Structure formats: structure tokens, C-alpha cells
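S.K.: What follows is the file data00.txt, containing compact mmCIF, C-alpha atoms:
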# COMPACT_ATOMS: atom_id res chain seq x y z
CA MET Q 1 7.76 38.32 26.87
CA ALA Q 2 5.77 35.11 27.10
CA THR Q 3 2.28 34.88 28.55
CA LEU Q 4 0.03 32.05 29.56
CA VAL Q 5 -3.32 32.41 27.81
CA SER Q 6 -6.57 30.60 27.06
CA SER Q 7 -9.16 31.05 24.39
CA SER Q 8 -12.51 29.85 23.19
CA SER Q 9 -15.13 30.72 20.61
CA LEU Q 10 -18.45 30.00 22.16
CA THR Q 11 -20.97 31.31 19.65
CA LEU Q 12 -23.88 29.04 18.80
CA LEU Q 13 -22.96 28.70 15.15
CA PRO Q 14 -22.80 25.51 13.02
CA PHE Q 15 -19.01 25.98 13.06
CA PHE Q 16 -18.31 25.60 16.78
CA PHE Q 17 -14.81 26.45 17.88
CA LEU Q 18 -13.11 26.35 21.26
CA LEU Q 19 -9.50 27.33 21.71
CA LEU Q 20 -6.96 27.42 24.49
CA LEU Q 21 -3.70 29.12 23.64
CA LEU Q 22 -1.37 28.47 26.48
CA LEU Q 23 1.58 30.71 25.83
CA THR Q 24 1.50 34.08 24.11
CA PHE Q 25 4.23 36.61 23.49
CA GLN Q 26 3.63 40.33 23.77
CA VAL Q 27 5.82 41.56 20.95
CA GLN Q 28 7.39 44.99 21.46
CA SER Q 29 8.48 46.49 18.14
CA THR Q 30 8.25 49.84 16.39
CA ASN Q 31 7.06 47.90 13.34
CA LEU Q 32 4.00 46.81 15.31
CA ASN Q 33 2.83 50.28 16.42
CA TYR Q 34 -0.94 50.16 16.02
CA THR Q 35 -1.24 53.91 16.63
CA THR Q 36 0.55 54.84 13.41
CA ASP Q 37 -1.80 56.79 11.12
CA ARG Q 38 -4.78 55.83 13.32
CA LYS Q 39 -6.82 58.22 15.40
CA PHE Q 40 -9.36 57.06 17.93
CA SER Q 41 -12.55 59.02 18.58
CA THR Q 42 -13.87 59.65 22.07
CA LEU Q 43 -16.98 57.64 21.13
CA ARG Q 44 -14.89 54.62 20.14
CA LEU Q 45 -12.83 54.78 23.30
CA GLN Q 46 -16.05 54.96 25.33
CA ARG Q 47 -17.38 51.85 23.57
CA ILE Q 48 -14.11 50.05 24.27
CA GLN Q 49 -14.25 51.00 27.95
CA ARG Q 50 -17.84 49.75 28.26
CA HIS Q 51 -16.77 46.43 26.75
CA LEU Q 52 -13.82 46.18 29.13
CA ASP Q 53 -16.10 46.96 32.08
CA ASN Q 54 -18.21 43.98 31.01
CA ILE Q 55 -15.41 41.42 30.54
CA ASN Q 56 -13.16 42.51 33.43
CA LYS Q 57 -14.87 41.05 36.47
CA THR Q 58 -14.83 42.76 39.88
CA PRO Q 59 -11.83 41.33 41.75
CA LEU Q 60 -11.47 40.41 45.40
CA LEU Q 61 -7.76 41.23 45.09
CA THR Q 62 -5.55 42.73 42.38
CA ILE Q 63 -1.86 41.83 42.04
CA GLN Q 64 0.58 44.07 40.16
CA SER Q 65 2.99 42.03 38.03
CA PRO Q 66 6.56 43.31 37.47
CA ASP Q 67 5.89 43.32 33.71
CA GLY Q 68 3.00 45.78 34.12
CA ASP Q 69 0.10 43.31 33.97
CA LEU Q 70 -2.69 43.53 36.51
CA ILE Q 71 -3.84 40.13 37.76
CA ASP Q 72 -7.37 40.20 39.15
CA CYS Q 73 -8.34 37.50 41.65
CA VAL Q 74 -11.98 36.85 40.73
CA HIS Q 75 -14.38 34.58 42.62
CA LYS Q 76 -14.45 31.28 40.75
CA ARG Q 77 -18.22 31.51 40.28
CA LYS Q 78 -17.89 34.97 38.70
CA GLN Q 79 -15.31 34.00 36.08
CA PRO Q 80 -16.13 34.78 32.39
CA ALA Q 81 -16.81 31.13 31.49
CA LEU Q 82 -20.06 31.13 33.38
CA ASP Q 83 -21.44 34.06 31.34
CA HIS Q 84 -22.16 31.58 28.55
CA PRO Q 85 -25.93 30.90 28.21
CA LEU Q 86 -25.37 27.14 28.12
CA LEU Q 87 -23.55 27.28 31.47
CA LYS Q 88 -26.12 29.14 33.57
CA ASN Q 89 -26.74 26.07 35.72
CA HIS Q 90 -23.25 24.60 35.37
CA LYS Q 91 -21.75 23.07 38.49
CA ILE Q 92 -18.00 23.71 38.59
CA GLN Q 93 -15.97 20.49 38.53
CA ARG Q 94 -13.11 20.90 40.97
CA VAL Q 95 -11.00 18.02 39.65
CA PRO Q 96 -11.47 15.44 36.88
CA SER Q 97 -13.00 12.11 37.81
CA GLU Q 98 -9.94 10.38 36.32
CA MET Q 99 -6.53 11.28 34.95
CA PRO Q 100 -5.29 9.31 31.95
CA LYS Q 101 -3.72 6.08 33.16
CA GLY Q 102 -0.14 6.62 34.29
CA MET Q 103 -0.69 10.32 35.10
CA LYS Q 104 -0.89 11.68 38.65
CA LEU Q 105 -3.24 14.44 39.78
CA LYS Q 106 -1.44 17.66 40.79
CA GLU Q 107 -3.41 20.73 41.73
CA LYS Q 108 -0.26 22.59 42.79
CA SER Q 109 2.83 23.13 40.69
CA GLU Q 110 6.12 24.75 41.58
CA MET Q 111 6.95 24.73 37.87
CA GLY Q 112 3.79 26.60 36.97
CA MET Q 113 4.42 29.21 39.65
CA GLY Q 114 8.08 29.65 38.78
CA MET Q 115 7.30 30.36 35.13
CA GLN Q 116 4.90 33.25 35.81
CA ASN Q 117 6.18 36.74 36.52
CA TRP Q 118 3.27 37.83 38.72
CA HIS Q 119 4.36 35.39 41.45
CA GLN Q 120 7.63 37.22 42.06
CA ASN Q 121 6.43 39.21 45.08
CA GLY Q 122 5.10 36.04 46.71
CA THR Q 123 1.41 37.03 46.56
CA LEU Q 124 -1.14 34.46 45.37
CA CYS Q 125 -4.84 34.70 44.78
CA PRO Q 126 -6.98 33.70 47.79
CA LYS Q 127 -8.69 30.32 47.93
CA GLY Q 128 -12.00 30.31 46.07
CA THR Q 129 -10.72 32.72 43.38
CA VAL Q 130 -8.98 32.37 40.03
CA PRO Q 131 -6.32 34.75 38.60
CA ILE Q 132 -7.34 36.60 35.44
CA ARG Q 133 -5.15 39.04 33.52
CA ARG Q 134 -7.02 42.34 33.21
CA SER Q 135 -7.72 43.39 29.60
CA THR Q 136 -6.81 46.98 28.69
CA VAL Q 137 -7.64 49.59 26.06
CA HIS Q 138 -4.16 48.93 24.64
CA ASP Q 139 -5.10 45.26 24.10
CA VAL Q 140 -8.28 46.18 22.22
CA LEU Q 141 -6.59 48.74 19.99
CA ARG Q 142 -4.17 46.09 18.72
CA ALA Q 143 -7.14 44.30 17.14
CA LYS Q 144 -8.70 45.43 13.87
CA SER Q 145 -11.89 46.38 15.68
CA LEU Q 146 -13.74 45.93 18.96
CA PHE Q 147 -15.65 43.08 17.33
CA ASP Q 148 -12.39 41.34 16.42
CA PHE Q 149 -10.79 41.75 19.85
CA GLY Q 150 -9.65 38.41 21.25
CA LYS Q 151 -11.17 36.44 18.42
CA LYS Q 152 -9.75 33.77 16.17
CA ARG Q 153 -10.41 33.51 12.47
CA ARG Q 154 -12.53 30.61 11.27
CA ARG Q 155 -10.53 28.01 9.49
CA PHE Q 156 -11.42 26.43 6.18
CA SER Q 157 -9.54 23.49 4.79
CA LEU Q 158 -7.90 22.49 1.60
CA ALA Q 159 -9.75 19.98 -0.55
CA ARG Q 160 -8.43 17.04 1.45
CA SER Q 161 -10.00 15.24 4.39
CA ASP Q 162 -6.82 13.98 6.04
CA ALA Q 163 -5.44 17.40 7.06
CA PRO Q 164 -8.58 19.36 7.90
CA ASP Q 165 -7.23 22.40 9.66
CA VAL Q 166 -4.82 23.54 6.98
CA VAL Q 167 -5.90 26.78 5.37
CA SER Q 168 -5.21 28.10 1.90
CA GLY Q 169 -6.07 31.40 0.28
CA ASN Q 170 -6.16 33.59 3.39
CA GLY Q 171 -2.49 33.80 4.27
CA HIS Q 172 -2.29 30.99 6.86
CA GLU Q 173 0.74 28.72 6.47
CA HIS Q 174 1.54 25.59 8.47
CA ALA Q 175 4.11 22.95 9.28
CA ILE Q 176 2.21 20.17 11.05
CA ALA Q 177 2.15 16.48 11.94
CA TYR Q 178 -1.23 14.76 12.18
CA THR Q 179 -3.02 11.48 12.79
CA GLY Q 180 -5.42 9.74 10.43
CA SER Q 181 -9.04 10.92 10.27
CA ALA Q 182 -10.78 7.66 11.23
CA GLU Q 183 -9.56 7.23 14.82
CA GLU Q 184 -11.53 7.74 18.01
CA VAL Q 185 -9.33 10.00 20.13
CA TYR Q 186 -9.99 11.14 23.70
CA GLY Q 187 -7.06 13.48 24.20
CA ALA Q 188 -3.52 14.40 23.17
CA LYS Q 189 -0.23 15.32 24.78
CA ALA Q 190 3.10 16.80 23.69
CA THR Q 191 6.14 18.61 25.02
CA ILE Q 192 6.67 21.81 23.03
CA ASN Q 193 9.91 23.78 22.71
CA VAL Q 194 9.29 27.46 23.62
CA TRP Q 195 10.71 30.34 21.58
CA GLU Q 196 9.90 33.97 20.82
CA PRO Q 197 9.55 34.24 17.03
CA SER Q 198 9.61 37.72 15.53
CA ILE Q 199 6.43 39.14 13.98
CA GLN Q 200 6.49 41.51 11.01
CA GLU Q 201 2.98 43.01 11.05
CA VAL Q 202 0.53 43.76 13.86
CA ASN Q 203 -2.18 41.60 12.28
CA GLU Q 204 0.13 38.59 11.88
CA PHE Q 205 0.95 35.90 14.43
CA SER Q 206 3.04 32.80 14.94
CA LEU Q 207 1.83 29.90 17.07
CA SER Q 208 2.83 26.38 18.01
CA GLN Q 209 0.12 24.15 19.38
CA ILE Q 210 -1.99 20.99 19.52
CA TRP Q 211 -5.29 20.81 17.62
CA ILE Q 212 -7.96 18.31 18.77
CA LEU Q 213 -10.65 18.05 16.10
CA SER Q 214 -13.98 16.48 15.28
CA GLY Q 215 -16.77 17.21 12.84
CA SER Q 216 -17.03 18.26 9.25
CA PHE Q 217 -13.63 19.29 7.92
CA ASP Q 218 -15.10 21.57 5.24
CA GLY Q 219 -15.51 24.14 8.01
CA SER Q 220 -19.30 24.00 8.23
CA ASP Q 221 -19.54 22.02 11.47
CA LEU Q 222 -16.16 21.59 13.11
CA ASN Q 223 -15.34 21.39 16.81
CA SER Q 224 -11.75 22.26 17.73
CA ILE Q 225 -9.80 22.53 20.96
CA GLU Q 226 -6.32 24.04 20.68
CA ALA Q 227 -3.51 24.45 23.17
CA GLY Q 228 0.01 25.79 22.77
CA TRP Q 229 2.00 29.01 22.64
CA GLN Q 230 1.59 32.03 20.44
CA SER Q 231 3.47 35.17 19.45
CA ASP Q 232 1.36 38.32 18.98
CA SER Q 233 -2.39 38.85 18.82
CA TYR Q 234 -4.87 36.31 17.45
CA GLN Q 235 -7.78 37.99 15.69
CA ALA Q 236 -11.11 37.31 13.99
CA THR Q 237 -13.62 34.58 14.95
CA GLY Q 238 -13.18 32.42 18.04
CA CYS Q 239 -11.63 33.62 21.29
CA TYR Q 240 -8.41 33.32 23.21
CA ASN Q 241 -7.50 33.90 26.85
CA LEU Q 242 -10.65 34.14 28.97
CA LEU Q 243 -12.12 36.83 26.70
CA CYS Q 244 -15.13 34.73 25.74
CA ALA Q 245 -17.25 32.57 27.99
CA GLY Q 246 -16.55 28.86 28.01
CA PHE Q 247 -13.22 27.74 29.49
CA VAL Q 248 -13.63 27.12 33.23
CA GLN Q 249 -10.45 27.96 35.12
CA ALA Q 250 -9.75 25.74 38.12
CA ASN Q 251 -6.30 26.81 39.34
CA ARG Q 252 -5.57 29.88 41.51
CA ARG Q 253 -1.82 29.69 40.83
CA ILE Q 254 -1.82 29.86 37.02
CA ALA Q 255 -3.08 33.01 35.27
CA ILE Q 256 -4.15 32.49 31.68
CA GLY Q 257 -2.67 35.41 29.72
CA ALA Q 258 0.04 36.33 32.23
CA ALA Q 259 3.71 36.54 31.24
CA ILE Q 260 5.94 33.51 31.70
CA SER Q 261 9.64 32.88 31.28
CA PRO Q 262 12.24 31.70 30.39
CA ILE Q 263 12.32 30.98 26.67
CA SER Q 264 14.85 29.13 24.52
CA SER Q 265 17.92 30.74 22.97
CA TYR Q 266 19.71 29.79 19.75
CA ASP Q 267 22.48 27.24 20.33
CA SER Q 268 22.05 27.71 24.09
CA ASN Q 269 19.58 26.76 26.84
CA GLN Q 270 16.38 25.08 25.68
CA TYR Q 271 13.03 25.27 27.48
CA ASP Q 272 9.81 23.43 26.80
CA ILE Q 273 6.30 23.00 28.20
CA THR Q 274 4.18 19.87 28.39
CA ILE Q 275 0.48 20.14 27.55
CA LEU Q 276 -2.14 17.43 27.98
CA VAL Q 277 -5.80 17.75 26.98
CA TRP Q 278 -8.15 14.84 27.63
CA LYS Q 279 -11.82 14.01 27.97
CA ASP Q 280 -13.06 13.11 31.45
CA PRO Q 281 -14.42 9.59 30.85
CA LYS Q 282 -17.26 9.99 33.37
CA ILE Q 283 -18.32 13.66 33.24
CA GLY Q 284 -17.34 14.40 29.63
CA ASN Q 285 -15.58 17.75 30.17
CA TRP Q 286 -12.29 18.29 28.30
CA TRP Q 287 -9.56 19.00 30.88
CA MET Q 288 -6.18 20.59 30.35
CA SER Q 289 -3.01 20.14 32.40
CA PHE Q 290 0.21 22.07 32.10
CA GLY Q 291 3.82 21.24 32.88
CA ASP Q 292 4.20 18.40 35.36
CA GLY Q 293 0.49 17.54 35.30
CA THR Q 294 -0.89 20.63 37.04
CA LEU Q 295 -4.59 21.11 36.33
CA VAL Q 296 -5.49 24.41 34.65
CA GLY Q 297 -9.20 24.00 33.90
CA TYR Q 298 -11.65 22.53 31.42
CA TRP Q 299 -14.07 23.09 28.55
CA PRO Q 300 -17.56 21.94 29.66
CA VAL Q 301 -19.13 19.18 27.58
CA GLU Q 302 -22.32 21.26 27.22
CA LEU Q 303 -20.54 23.49 24.70
CA PHE Q 304 -19.79 20.79 22.13
CA THR Q 305 -21.54 18.89 19.39
CA HIS Q 306 -19.04 16.42 17.86
CA LEU Q 307 -16.49 16.66 20.65
CA ALA Q 308 -19.22 15.78 23.13
CA THR Q 309 -18.32 12.15 22.34
CA HIS Q 310 -14.72 12.04 21.04
CA ALA Q 311 -12.22 13.56 18.62
CA THR Q 312 -11.33 12.06 15.26
CA MET Q 313 -8.00 13.75 14.56
CA VAL Q 314 -5.07 15.41 16.31
CA GLU Q 315 -2.57 17.85 14.80
CA TRP Q 316 0.67 19.18 16.26
CA GLY Q 317 2.80 21.97 14.81
CA GLY Q 318 3.16 25.59 13.80
CA GLU Q 319 1.06 28.18 12.04
CA VAL Q 320 1.73 31.73 10.86
CA VAL Q 321 -0.22 34.41 9.02
CA ASN Q 322 1.41 35.83 5.90
CA THR Q 323 -0.25 39.13 4.89
CA ARG Q 324 2.32 39.94 2.16
CA ALA Q 325 2.10 43.54 3.37
CA ASN Q 326 4.88 44.77 1.04
CA GLY Q 327 4.12 42.42 -1.83
CA GLN Q 328 6.59 39.91 -0.44
CA HIS Q 329 6.30 36.92 1.86
CA THR Q 330 6.25 37.94 5.51
CA SER Q 331 9.39 37.71 7.62
CA THR Q 332 7.25 36.48 10.54
CA GLN Q 333 9.08 33.46 11.93
CA MET Q 334 7.68 30.05 12.82
CA GLY Q 335 9.07 28.23 15.85
CA SER Q 336 12.65 29.41 16.40
CA GLY Q 337 12.86 30.98 12.96
CA HIS Q 338 15.13 28.17 11.72
CA PHE Q 339 14.42 25.22 9.46
CA ALA Q 340 13.89 21.69 10.76
CA GLY Q 341 17.20 20.46 9.40
CA ASP Q 342 19.16 22.68 11.80
CA GLY Q 343 18.24 20.30 14.64
CA PHE Q 344 18.43 20.59 18.43
CA GLY Q 345 19.24 23.97 19.95
CA LYS Q 346 18.53 25.74 16.68
CA ALA Q 347 15.18 24.47 15.32
CA SER Q 348 12.03 24.27 17.45
CA TYR Q 349 10.60 20.84 18.28
CA PHE Q 350 7.60 18.87 19.51
CA ARG Q 351 8.52 15.66 21.35
CA ASN Q 352 6.83 12.69 23.00
CA LEU Q 353 3.64 12.93 20.93
CA GLU Q 354 0.88 10.90 22.57
CA ILE Q 355 -2.87 10.37 22.31
CA VAL Q 356 -5.47 9.21 24.84
CA ASP Q 357 -7.31 6.10 23.62
CA THR Q 358 -10.71 4.56 24.36
CA ASP Q 359 -9.70 3.14 27.77
CA ASN Q 360 -8.21 6.48 28.95
CA SER Q 361 -4.63 5.36 28.41
CA LEU Q 362 -1.84 7.47 26.95
CA SER Q 363 -0.03 5.82 24.07
CA SER Q 364 2.81 6.99 21.83
CA VAL Q 365 1.78 8.12 18.37
CA HIS Q 366 3.20 6.15 15.45
CA ASN Q 367 2.96 6.60 11.70
CA ILE Q 368 2.18 10.31 11.80
CA LEU Q 369 1.77 12.24 8.57
CA THR Q 370 3.40 15.62 8.00
CA LEU Q 371 2.49 18.61 5.88
CA ALA Q 372 3.99 22.02 5.07
CA GLU Q 373 2.45 24.11 2.30
CA ASN Q 374 5.55 26.15 1.50
CA THR Q 375 8.77 24.34 2.40
CA ASN Q 376 10.89 27.22 1.10
CA CYS Q 377 9.56 29.29 4.00
CA TYR Q 378 8.72 26.78 6.76
CA ASP Q 379 9.28 23.02 6.90
CA ILE Q 380 8.97 19.96 9.15
CA LYS Q 381 10.94 16.73 9.70
CA SER Q 382 9.72 13.88 11.93
CA SER Q 383 11.59 11.02 13.58
CA TYR Q 384 11.55 8.60 16.54
CA SER Q 385 13.86 7.85 19.46
CA ASN Q 386 13.60 5.90 22.71
CA GLU Q 387 13.88 9.08 24.79
CA TRP Q 388 11.74 11.45 22.73
CA GLY Q 389 9.32 8.92 21.26
CA THR Q 390 7.72 10.35 18.13
CA TYR Q 391 9.02 13.88 17.61
CA PHE Q 392 9.64 16.47 14.93
CA TYR Q 393 11.55 19.65 14.23
CA TYR Q 394 9.74 22.40 12.35
CA GLY Q 395 9.73 26.10 11.49
CA GLY Q 396 11.53 28.63 9.36
CA PRO Q 397 12.39 32.29 8.85
CA GLY Q 398 9.71 33.29 6.37
CA ASN Q 399 11.00 35.81 3.85
CA SER Q 400 14.48 35.00 2.48
CA HIS Q 401 16.23 34.53 -0.87
CA GLN Q 402 14.41 31.19 -1.24
CA CYS Q 403 11.11 32.52 0.15
CA PRO Q 404 10.51 35.79 -1.73
Would you mind writing the file's structure down as C-alpha cells?
M.R.:
Amino acid sequence: MATLVSSSSLTLLPFFFLLLLLLTFQVQSTNLNYTTDRKFSTLRLQRIQRHLDNINKTPLLTIQSPDGDLIDCVHKRKQPALDHPLLKNHKIQRVPSEMPKGMKLKEKSEMGMGMQNWHQNGTLCPKGTVPIRRSTVHDVLRAKSLFDFGKKRRRFSLARSDAPDVVSGNGHEHAIAYTGSAEEVYGAKATINVWEPSIQEVNEFSLSQIWILSGSFDGSDLNSIEAGWQSDSYQATGCYNLLCAGFVQANRRIAIGAAISPISSYDSNQYDITILVWKDPKIGNWWMSFGDGTLVGYWPVELFTHLATHATMVEWGGEVVNTRANGQHTSTQMGSGHFAGDGFGKASYFRNLEIVDTDNSLSSVHNILTLAENTNCYDIKSSYSNEWGTYFYYGGPGNSHQCP
């Protein structure tokens, strides 16, 4: 089951990280039963409930989704973003001052509504509110601890400056395309094929997303905005969904964290989502649109150091965590779970890669670089066509005879 989600890490640390994960899968599997061999004390459950009481804001209306989610319609001025100390006096920006040239402003989206399960009974959040998926005790227990709930691990790079967000030594593996590190970039766009990769362990994940980066790539002072889809929970430092203050939601029809459908099937129907993130040239906030250009919300400029001016690199692609739980490479899949060479309908893709330049214009990306640490497990293959512009296939099955 796919869910629309957002995330951000808004701690005032030298490493400053903001994340929006747009599509997350709630994986149902007996292999991912977090209750196995774990007992939870009454004291711990009380602490969890106090935390949930703090992050789940009082709703004006609650909508029951067919998939079991509760969608709370919270007054836009009471949303979690505004709990951040830097946003105490923040004035909510209703719409960006400008869209990138060639894009049209759309505050409503039939596509966005049709892809979310909670719309099925026809009920929407009232004007002046934003829909927020209610966090539950079940959600917290899937994390390693209450501290880790909803957080994203800090990312430290290999000893190379041209692919800063690639991690070695902690089980993260990637198949990515990326721009050079010397450009001034003011946004990025891509259309991403949507799948539901299988996850082996509860503390593993598989995601496909855009990274927008600026700062020191040794991990000491890096700003990052990320948007895409994810399978399973994302843990450690940083935040996803609206679980940490920072991302200001501006759309009452799209619930970050709520289930969406449909997803692609092998050698059958293919589905994709288009994501655009760009810097408002006048106000400075980083806006995000989804699908046909529907506005979702923004990261306020007050929260950034390096990204307060511009980005210096963009990455597109997949990432998994390999815990080697049984002494073997994980069978957690990336993308569709098939290698790039399998092509359309079988391998997952990113297409129409674009960046926003200094005059707020979208332009096709050329001369991208690609990187995969372990091509026996996950790989990537880029190309160009008139219809898809710059694109690539990527992914893989993880554990196999060639990936032991």
C-alpha cells in the first residue's frame, strides 16, 4: 500500500537536513513483525502516548480512510511545521510568487485526489485546514526507539566530492544519476516510476527520490531536500512525513503520509508520479509540486544555511539499506526489483530529468554521471530520447546467486 509522505530534520545542528518523502509503502509481512521477541512496558507505552499527544494536533474534523488511516483536518496555523522555534513568527505563504517558466499554477488536482484512498467517501478537509495522517503507537513501535521514530539517518559520503550523498560502511547502497558539483541549481524535476519493492527486515527500506544538495559533502555542514517514494520505515536522524516541524503544508486535498494507488506491475500497467522542487525566486522558500503541478507545500527559507541561496548538486535514483541480517546481502529490492537492462515494464525508471536554472527556467539535464556501488545487486543505465529526455532505468533484486 502506497502512502504520500513528507519529512524533515529540523534540528539546529551543523549538519542540517530537510527531507520530503512523497510516497511510502506500508509493508505487510510476517517477516517484518516488530513484536517478535519484544515486550513493551507500561511505562514505555505511556511515554509513546505522551509523544503522540504532542505531535498529533487537535483536529477540526477526522476522516476515516478505507485502509484504516485516520486523516485529521488540522487548522493550517496549528500544523506541526510551525512548532519549529525559527518559525514562531512565520507568515504562511499561500502560493509561490512564481512558478518555473513554462509551468502553470494549480492548487487543485484531480490526479492528486484520485491517487489517495481517503478521498473515496467524497469527504475533504474544510477550507483553512490541512490533512495530516494521525500517527499511532503501531507506527512508533516499528522504529528502534521513540527517539528514532520518524527520523532519517545522517549521511556521510565516500571520499569523493562529485557524488556527496553516497554512503559506505553503514549498509546504504545506491544506484543514482547526478549533476556536477559546481553548478548553481534552483530546483529539480523528474517523473518517477512507482513500484512496491519487497523489504526483508523491519529496519531496512527502499526508496526512489530526488536529492537537492548544498554545503560540505563530508557530512559536517550539508543541507538536503529530498522528494520521492519509499517502501517501509525510515529511521534515525532527520524526519519524514510531518513528524518534525519544518515543512509547511499548503494543500487541503493531499495528505502527506496517506495511502495512494495504483502502483506498477511487472510486464503490465505502468504508473509514475512527477515531482518538482524549486526555490521561490522572490521569497526564497523551497516549494514542492506533485503530479500535474499541484502545490503541496514548502520548506521555509529560515531553516537553511547553504540552501538559503541555491543548491550545488542534484541526484536522482534509488537507495536501500542492507543490514546483512543473516550474514548475507539483503533481499530488499530497489525499484521494481529488476535490473536496469530489463527495460520498460520490468525495470523501474526516472524520466524527463530537469533542473531549474538561475532565471527560474526548467531545462533538460545533459551529461549526467551515474554511480552504483554494487552492480551485482543493483545497477543503473542512462539514455536520452526525444519523448523522455534524459532518463535511466535502475534497481535490482538484492540477494541472488550473483549478489551473495
S.K.: What is the distance, in Å and to one decimal place, between atom CA of Q:Thr123 and atom CA of Q:Arg253?
M.R.: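 Between atom CA of Q:Thr123 and atom CA of Q:Arg253 the gap works out to 9.9 Å.
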S.K.: Counting all atoms listed in the file, what are the residues of stretch 287-376 of chain Q within 12 Å of stretch 71-84 of chain Q, and for each of them which pair of atoms is the nearest and at what distance in Å, to one decimal? Sort the table by chain and rising number, as CSV.
M.R.:
residue,atom,partner,partner_atom,distance
Q:Gly297,CA,Q:Ala81,CA,10.7
Q:Tyr298,CA,Q:Ala81,CA,10.0
Q:Trp299,CA,Q:Ala81,CA,9.0
Q:Pro300,CA,Q:Ala81,CA,9.4
Q:Glu302,CA,Q:His84,CA,10.4
Q:Leu303,CA,Q:His84,CA,9.1
S.K.: Extract, using only C-alpha atoms, all DNA, RNA and protein residues at most 6 Å from stretch 382-397 of chain Q, discarding same-chain residues fewer than 3 positions from it, and format them as a PyMOL selection string.
M.R.: chain Q and resi 333-335+337-340+348-353+377-379
S.K.: At what distance in Å, to one decimal, does atom CA of Q:Trp278 lie from atom CA of Q:Thr129?
M.R.: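 Atom CA of Q:Trp278 lies 24.0 Å from atom CA of Q:Thr129.
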S.K.: One decimal, Å: what's the distance from atom CA of Q:Lys101 over to atom CA of Q:Leu362, could you say?
M.R.: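 Answer for the atom CA of Q:Lys101 to atom CA of Q:Leu362 separation: 6.6 Å.
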S.K.: Return the padded bounding box of stretch 190-200 of chain Q as lines of an AutoDock Vina configuration file: axis-aligned, built from all atoms listed in the file, 8 Å added on each side, with centre and edge lengths in Å to one decimal.
M.R.:
center_x = 6.9
center_y = 29.2
center_z = 18.0
size_x = 23.6
size_y = 40.7
size_z = 30.0
S.K.: Pick out the closest residue to Q:Ser65 from this set: Q:His119, Q:His51, Q:Lys282, Q:His401. Count all atoms listed in the file.
M.R.: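 Ranked by minimum distance to Q:Ser65, first place goes to Q:His119.
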S.K.: Env of stretch 176-182 of chain Q: 10 Å cut, atoms = only C-alpha atoms, seq-sep filter 5 positions within chain, self excluded. Answer as a ChimeraX atom specification.
M.R.: /Q:161-166,208-211,213-214,217,311-319,350,353,355,365-373,379-382,391-395
S.K.: Include C-alpha atoms and write out the residues we just selected as a PDB file, in the frame of the given file.
M.R.:
ATOM      1  CA  SER Q 161     -10.000  15.240   4.390  1.00  0.00           C
ATOM      2  CA  ASP Q 162      -6.820  13.980   6.040  1.00  0.00           C
ATOM      3  CA  ALA Q 163      -5.440  17.400   7.060  1.00  0.00           C
ATOM      4  CA  PRO Q 164      -8.580  19.360   7.900  1.00  0.00           C
ATOM      5  CA  ASP Q 165      -7.230  22.400   9.660  1.00  0.00           C
ATOM      6  CA  VAL Q 166      -4.820  23.540   6.980  1.00  0.00           C
ATOM      7  CA  SER Q 208       2.830  26.380  18.010  1.00  0.00           C
ATOM      8  CA  GLN Q 209       0.120  24.150  19.380  1.00  0.00           C
ATOM      9  CA  ILE Q 210      -1.990  20.990  19.520  1.00  0.00           C
ATOM     10  CA  TRP Q 211      -5.290  20.810  17.620  1.00  0.00           C
ATOM     11  CA  LEU Q 213     -10.650  18.050  16.100  1.00  0.00           C
ATOM     12  CA  SER Q 214     -13.980  16.480  15.280  1.00  0.00           C
ATOM     13  CA  PHE Q 217     -13.630  19.290   7.920  1.00  0.00           C
ATOM     14  CA  ALA Q 311     -12.220  13.560  18.620  1.00  0.00           C
ATOM     15  CA  THR Q 312     -11.330  12.060  15.260  1.00  0.00           C
ATOM     16  CA  MET Q 313      -8.000  13.750  14.560  1.00  0.00           C
ATOM     17  CA  VAL Q 314      -5.070  15.410  16.310  1.00  0.00           C
ATOM     18  CA  GLU Q 315      -2.570  17.850  14.800  1.00  0.00           C
ATOM     19  CA  TRP Q 316       0.670  19.180  16.260  1.00  0.00           C
ATOM     20  CA  GLY Q 317       2.800  21.970  14.810  1.00  0.00           C
ATOM     21  CA  GLY Q 318       3.160  25.590  13.800  1.00  0.00           C
ATOM     22  CA  GLU Q 319       1.060  28.180  12.040  1.00  0.00           C
ATOM     23  CA  PHE Q 350       7.600  18.870  19.510  1.00  0.00           C
ATOM     24  CA  LEU Q 353       3.640  12.930  20.930  1.00  0.00           C
ATOM     25  CA  ILE Q 355      -2.870  10.370  22.310  1.00  0.00           C
ATOM     26  CA  VAL Q 365       1.780   8.120  18.370  1.00  0.00           C
ATOM     27  CA  HIS Q 366       3.200   6.150  15.450  1.00  0.00           C
ATOM     28  CA  ASN Q 367       2.960   6.600  11.700  1.00  0.00           C
ATOM     29  CA  ILE Q 368       2.180  10.310  11.800  1.00  0.00           C
ATOM     30  CA  LEU Q 369       1.770  12.240   8.570  1.00  0.00           C
ATOM     31  CA  THR Q 370       3.400  15.620   8.000  1.00  0.00           C
ATOM     32  CA  LEU Q 371       2.490  18.610   5.880  1.00  0.00           C
ATOM     33  CA  ALA Q 372       3.990  22.020   5.070  1.00  0.00           C
ATOM     34  CA  GLU Q 373       2.450  24.110   2.300  1.00  0.00           C
ATOM     35  CA  ASP Q 379       9.280  23.020   6.900  1.00  0.00           C
ATOM     36  CA  ILE Q 380       8.970  19.960   9.150  1.00  0.00           C
ATOM     37  CA  LYS Q 381      10.940  16.730   9.700  1.00  0.00           C
ATOM     38  CA  SER Q 382       9.720  13.880  11.930  1.00  0.00           C
ATOM     39  CA  TYR Q 391       9.020  13.880  17.610  1.00  0.00           C
ATOM     40  CA  PHE Q 392       9.640  16.470  14.930  1.00  0.00           C
ATOM     41  CA  TYR Q 393      11.550  19.650  14.230  1.00  0.00           C
ATOM     42  CA  TYR Q 394       9.740  22.400  12.350  1.00  0.00           C
ATOM     43  CA  GLY Q 395       9.730  26.100  11.490  1.00  0.00           C
TER      44      GLY Q 395
END
